[in-house]
file query19.txt (compact mmCIF, N, CA and C atoms and all ligand atoms)
# COMPACT_ATOMS: atom_id res chain seq x y z
N MET L 12 0.84 -1.22 0.00
CA MET L 12 0.00 0.00 0.00
C MET L 12 0.86 1.25 0.00
N THR L 13 2.10 1.14 0.52
CA THR L 13 2.93 2.34 0.67
C THR L 13 3.39 2.89 -0.67
N ASN L 14 3.37 2.10 -1.71
CA ASN L 14 3.83 2.61 -3.00
C ASN L 14 2.68 3.16 -3.84
N LYS L 15 1.57 3.38 -3.18
CA LYS L 15 0.43 3.98 -3.90
C LYS L 15 0.21 5.41 -3.40
N VAL L 16 -0.02 6.28 -4.35
CA VAL L 16 -0.19 7.69 -4.02
C VAL L 16 -1.52 8.14 -4.58
N TYR L 17 -2.15 9.01 -3.81
CA TYR L 17 -3.45 9.51 -4.25
C TYR L 17 -3.29 10.52 -5.38
N CYS L 18 -4.02 10.31 -6.47
CA CYS L 18 -3.96 11.19 -7.62
C CYS L 18 -5.16 12.14 -7.57
N TYR L 19 -4.87 13.43 -7.43
CA TYR L 19 -5.99 14.36 -7.27
C TYR L 19 -6.75 14.55 -8.57
N HIS L 20 -6.12 14.19 -9.68
CA HIS L 20 -6.80 14.35 -10.96
C HIS L 20 -7.80 13.22 -11.20
N CYS L 21 -7.34 11.98 -10.99
CA CYS L 21 -8.22 10.83 -11.20
C CYS L 21 -9.03 10.50 -9.96
N MET L 22 -8.67 11.12 -8.83
CA MET L 22 -9.30 10.86 -7.55
C MET L 22 -9.25 9.38 -7.21
N THR L 23 -8.08 8.81 -7.44
CA THR L 23 -7.86 7.41 -7.07
C THR L 23 -6.37 7.22 -6.81
N TYR L 24 -5.98 6.01 -6.49
CA TYR L 24 -4.58 5.75 -6.14
C TYR L 24 -3.85 5.11 -7.31
N HIS L 25 -2.63 5.58 -7.55
CA HIS L 25 -1.76 4.96 -8.56
C HIS L 25 -0.45 4.59 -7.90
N HIS L 26 0.32 3.78 -8.62
CA HIS L 26 1.67 3.48 -8.14
C HIS L 26 2.52 4.74 -8.17
N ARG L 27 3.39 4.85 -7.19
CA ARG L 27 4.23 6.04 -7.04
C ARG L 27 5.08 6.29 -8.29
N GLU L 28 5.53 5.22 -8.94
CA GLU L 28 6.40 5.38 -10.11
C GLU L 28 5.69 6.08 -11.26
N THR L 29 4.37 6.05 -11.25
CA THR L 29 3.65 6.68 -12.34
C THR L 29 3.16 8.08 -11.97
N MET L 30 3.66 8.58 -10.84
CA MET L 30 3.15 9.86 -10.35
C MET L 30 4.21 10.96 -10.42
N ARG L 31 3.74 12.18 -10.49
CA ARG L 31 4.62 13.35 -10.43
C ARG L 31 4.07 14.32 -9.39
N LYS L 32 4.98 15.01 -8.70
CA LYS L 32 4.56 16.06 -7.78
C LYS L 32 4.14 17.28 -8.58
N MET L 33 3.04 17.86 -8.19
CA MET L 33 2.57 19.06 -8.86
C MET L 33 2.39 20.17 -7.82
N MET L 34 2.83 21.36 -8.16
CA MET L 34 2.59 22.50 -7.28
C MET L 34 1.25 23.11 -7.63
N THR L 35 0.38 23.13 -6.67
CA THR L 35 -0.92 23.76 -6.88
C THR L 35 -1.08 24.89 -5.88
N ARG L 36 -2.16 25.62 -6.02
CA ARG L 36 -2.38 26.74 -5.10
C ARG L 36 -2.52 26.28 -3.67
N SER L 37 -2.99 25.03 -3.49
CA SER L 37 -3.18 24.53 -2.13
C SER L 37 -1.99 23.70 -1.67
N GLY L 38 -0.87 23.73 -2.43
CA GLY L 38 0.31 23.01 -1.98
C GLY L 38 0.72 21.92 -2.97
N VAL L 39 1.59 21.05 -2.49
CA VAL L 39 2.09 19.97 -3.35
C VAL L 39 1.04 18.88 -3.45
N ARG L 40 0.79 18.47 -4.67
CA ARG L 40 -0.15 17.37 -4.87
C ARG L 40 0.46 16.40 -5.85
N TRP L 41 -0.04 15.21 -5.82
CA TRP L 41 0.46 14.18 -6.72
C TRP L 41 -0.56 13.95 -7.83
N ARG L 42 0.02 13.83 -9.01
CA ARG L 42 -0.84 13.57 -10.16
C ARG L 42 -0.13 12.58 -11.06
N CYS L 43 -0.86 11.72 -11.72
CA CYS L 43 -0.21 10.68 -12.52
C CYS L 43 0.30 11.27 -13.84
N ILE L 44 1.43 10.71 -14.30
CA ILE L 44 2.06 11.21 -15.51
C ILE L 44 1.11 11.12 -16.70
N ARG L 45 0.34 10.07 -16.72
CA ARG L 45 -0.53 9.85 -17.87
C ARG L 45 -1.52 11.01 -18.04
N SER L 46 -2.10 11.44 -16.94
CA SER L 46 -3.08 12.53 -17.04
C SER L 46 -2.38 13.85 -17.36
N ILE L 47 -1.16 14.03 -16.83
CA ILE L 47 -0.41 15.25 -17.13
C ILE L 47 -0.11 15.34 -18.62
N GLU L 48 0.39 14.23 -19.14
CA GLU L 48 0.80 14.24 -20.55
C GLU L 48 -0.42 14.36 -21.46
N ALA L 49 -1.51 13.77 -21.06
CA ALA L 49 -2.72 13.88 -21.86
C ALA L 49 -3.16 15.34 -21.96
N THR L 50 -3.12 16.03 -20.82
CA THR L 50 -3.52 17.44 -20.81
C THR L 50 -2.52 18.30 -21.57
N ARG L 51 -1.22 18.10 -21.26
CA ARG L 51 -0.20 18.92 -21.88
C ARG L 51 -0.17 18.70 -23.39
N GLY L 52 -0.30 17.45 -23.80
CA GLY L 52 -0.26 17.15 -25.23
C GLY L 52 -1.32 17.91 -25.99
N SER L 53 -2.54 17.89 -25.46
CA SER L 53 -3.62 18.56 -26.19
C SER L 53 -3.43 20.07 -26.15
N LEU L 54 -2.91 20.59 -25.01
CA LEU L 54 -2.69 22.03 -24.91
C LEU L 54 -1.64 22.49 -25.90
N GLU L 55 -0.52 21.76 -25.96
CA GLU L 55 0.56 22.16 -26.84
C GLU L 55 0.14 22.10 -28.29
N GLU L 56 -0.60 21.07 -28.63
CA GLU L 56 -1.04 20.97 -30.02
C GLU L 56 -1.93 22.14 -30.39
N ARG L 57 -2.81 22.49 -29.45
CA ARG L 57 -3.73 23.58 -29.74
C ARG L 57 -2.97 24.91 -29.84
N ASP L 58 -2.05 25.15 -28.92
CA ASP L 58 -1.27 26.38 -28.95
C ASP L 58 -0.46 26.48 -30.23
N ALA L 59 0.24 25.42 -30.56
CA ALA L 59 1.08 25.42 -31.76
C ALA L 59 0.22 25.69 -32.98
N PHE L 60 -0.93 25.08 -33.04
CA PHE L 60 -1.80 25.26 -34.18
C PHE L 60 -2.28 26.71 -34.25
N GLY L 61 -2.65 27.28 -33.12
CA GLY L 61 -3.13 28.66 -33.08
C GLY L 61 -2.05 29.63 -33.52
N GLU L 62 -0.82 29.44 -33.02
CA GLU L 62 0.26 30.33 -33.39
C GLU L 62 0.56 30.24 -34.87
N GLN L 63 0.56 29.02 -35.36
CA GLN L 63 0.82 28.81 -36.77
C GLN L 63 -0.23 29.53 -37.61
N GLN L 64 -1.48 29.42 -37.19
CA GLN L 64 -2.55 30.04 -37.94
C GLN L 64 -2.44 31.57 -37.93
N SER L 65 -2.19 32.16 -36.77
CA SER L 65 -2.14 33.61 -36.72
C SER L 65 -0.91 34.13 -37.46
N GLU L 66 0.19 33.40 -37.40
CA GLU L 66 1.38 33.81 -38.15
C GLU L 66 1.09 33.75 -39.64
N LEU L 67 0.42 32.72 -40.04
CA LEU L 67 0.05 32.57 -41.45
C LEU L 67 -0.86 33.71 -41.87
N ASN L 68 -1.82 34.03 -41.01
CA ASN L 68 -2.74 35.11 -41.32
C ASN L 68 -2.01 36.44 -41.46
N ARG L 69 -1.06 36.71 -40.56
CA ARG L 69 -0.29 37.95 -40.64
C ARG L 69 0.49 38.01 -41.93
N ALA L 70 1.13 36.91 -42.27
CA ALA L 70 1.95 36.86 -43.48
C ALA L 70 1.07 37.10 -44.71
N GLN L 71 -0.09 36.49 -44.70
CA GLN L 71 -0.99 36.64 -45.84
C GLN L 71 -1.51 38.07 -45.92
N ALA L 72 -1.83 38.66 -44.80
CA ALA L 72 -2.32 40.03 -44.79
C ALA L 72 -1.25 40.98 -45.30
N ARG L 73 0.00 40.76 -44.87
CA ARG L 73 1.11 41.59 -45.28
C ARG L 73 1.31 41.47 -46.79
N ALA L 74 1.32 40.25 -47.27
CA ALA L 74 1.54 40.02 -48.69
C ALA L 74 0.40 40.65 -49.50
N TYR L 75 -0.79 40.54 -48.99
CA TYR L 75 -1.94 41.10 -49.68
C TYR L 75 -1.83 42.63 -49.73
N GLN L 76 -1.54 43.23 -48.60
CA GLN L 76 -1.41 44.69 -48.55
C GLN L 76 -0.32 45.16 -49.50
N GLU L 77 0.81 44.48 -49.53
CA GLU L 77 1.91 44.91 -50.38
C GLU L 77 1.56 44.76 -51.85
N SER L 78 0.76 43.76 -52.15
CA SER L 78 0.43 43.54 -53.55
C SER L 78 -0.63 44.54 -54.02
N VAL L 79 -1.52 44.93 -53.14
CA VAL L 79 -2.62 45.82 -53.54
C VAL L 79 -2.17 47.28 -53.52
N MET L 80 -1.53 47.67 -52.43
CA MET L 80 -1.11 49.08 -52.34
C MET L 80 0.29 49.20 -51.76
N PRO L 81 1.29 48.97 -52.60
CA PRO L 81 2.66 49.09 -52.12
C PRO L 81 2.94 50.53 -51.63
N GLY L 82 3.64 50.64 -50.54
CA GLY L 82 3.96 51.96 -50.01
C GLY L 82 2.97 52.41 -48.96
N ARG L 83 1.80 51.79 -48.92
CA ARG L 83 0.81 52.22 -47.94
C ARG L 83 0.63 51.18 -46.82
N ARG L 84 1.43 50.12 -46.86
CA ARG L 84 1.22 49.02 -45.91
C ARG L 84 1.47 49.45 -44.47
N LEU L 85 2.42 50.35 -44.25
CA LEU L 85 2.69 50.76 -42.87
C LEU L 85 1.49 51.47 -42.27
N ALA L 86 0.86 52.30 -43.05
CA ALA L 86 -0.28 53.05 -42.55
C ALA L 86 -1.47 52.11 -42.30
N THR L 87 -1.68 51.17 -43.19
CA THR L 87 -2.86 50.34 -43.07
C THR L 87 -2.68 49.23 -42.04
N LEU L 88 -1.43 48.84 -41.75
CA LEU L 88 -1.23 47.75 -40.80
C LEU L 88 -0.91 48.25 -39.41
N SER L 89 -0.97 49.54 -39.19
CA SER L 89 -0.54 50.07 -37.89
C SER L 89 -1.60 49.90 -36.81
N CYS L 90 -2.69 49.26 -37.09
CA CYS L 90 -3.69 49.00 -36.07
C CYS L 90 -3.20 47.86 -35.22
ZN ZN K 1 -4.26 9.78 -12.15
call {"tool": "encode", "arguments": {"input": "query19.txt", "output": "structure tokens", "more": "lines below"}}
Ligand SMILES: [Zn+2]
result
Amino acid sequence: MTNKVYCYHCMTYHHRETMRKMMTRSGVRWRCIRSIEATRGSLEERDAFGEQQSELNRAQARAYQESVMPGRRLATLSC
């Protein structure tokens, strides 16, 4: 029983080897690696996708502005 730690995410006990200490507002808590990676994986994918999209949008807007009205892009993009 001593090698089992309570996982606040799953609200159950896992083996200590599958757990990581997490700093939360209420102190140190244990959470299983599987749930951490599941959350982090989806977050990172979403962030990377969002950044990629906005960068693409900026590049496209810049290219469009330069093609339509060269010389005026600074004024029109200064918002
Ligand atoms: Zn867990």
call {"tool": "atom_distance", "arguments": {"input": "query19.txt", "atom1": "atom CA of L:Cys21", "atom2": "atom N of L:Gly61"}}
result
28.0 Å
call {"tool": "select_by_dssp", "arguments": {"input": "query19.txt", "residues": "chain L", "states": "helix (DSSP H, G or I)", "output": "ChimeraX atom specification"}}
result
/L:27-29,44-79,84-87
call {"tool": "closest_residue", "arguments": {"input": "query19.txt", "among": "L:Glu77, L:Glu56, L:Glu66, L:Glu28", "to": "ligand ZN 1 (chain K)", "atoms": "only C-alpha atoms and all ligand atoms"}}
result
L:Glu28
call {"tool": "residues_around", "arguments": {"input": "query19.txt", "residues": "L:Arg31", "least_positions_apart": "6", "cutoff": "5 Å", "atoms": "all atoms listed in the file", "output": "list in words"}}
result
Trp41, Arg42, Cys43 and Ile44 of chain L
call {"tool": "residues_near_ligand", "arguments": {"input": "query19.txt", "ligand": "ligand ZN 1 (chain K)", "cutoff": "8 Å", "atoms": "only C-alpha atoms and all ligand atoms", "output": "number ranges by chain"}}
result
L: 17-25, 30, 42-46
call {"tool": "select_by_dssp", "arguments": {"input": "query19.txt", "residues": "stretch 14-86 of chain L", "states": "strand (DSSP E or B)", "output": "ChimeraX atom specification"}}
result
/L:15-18,23-26,30-35,38-43
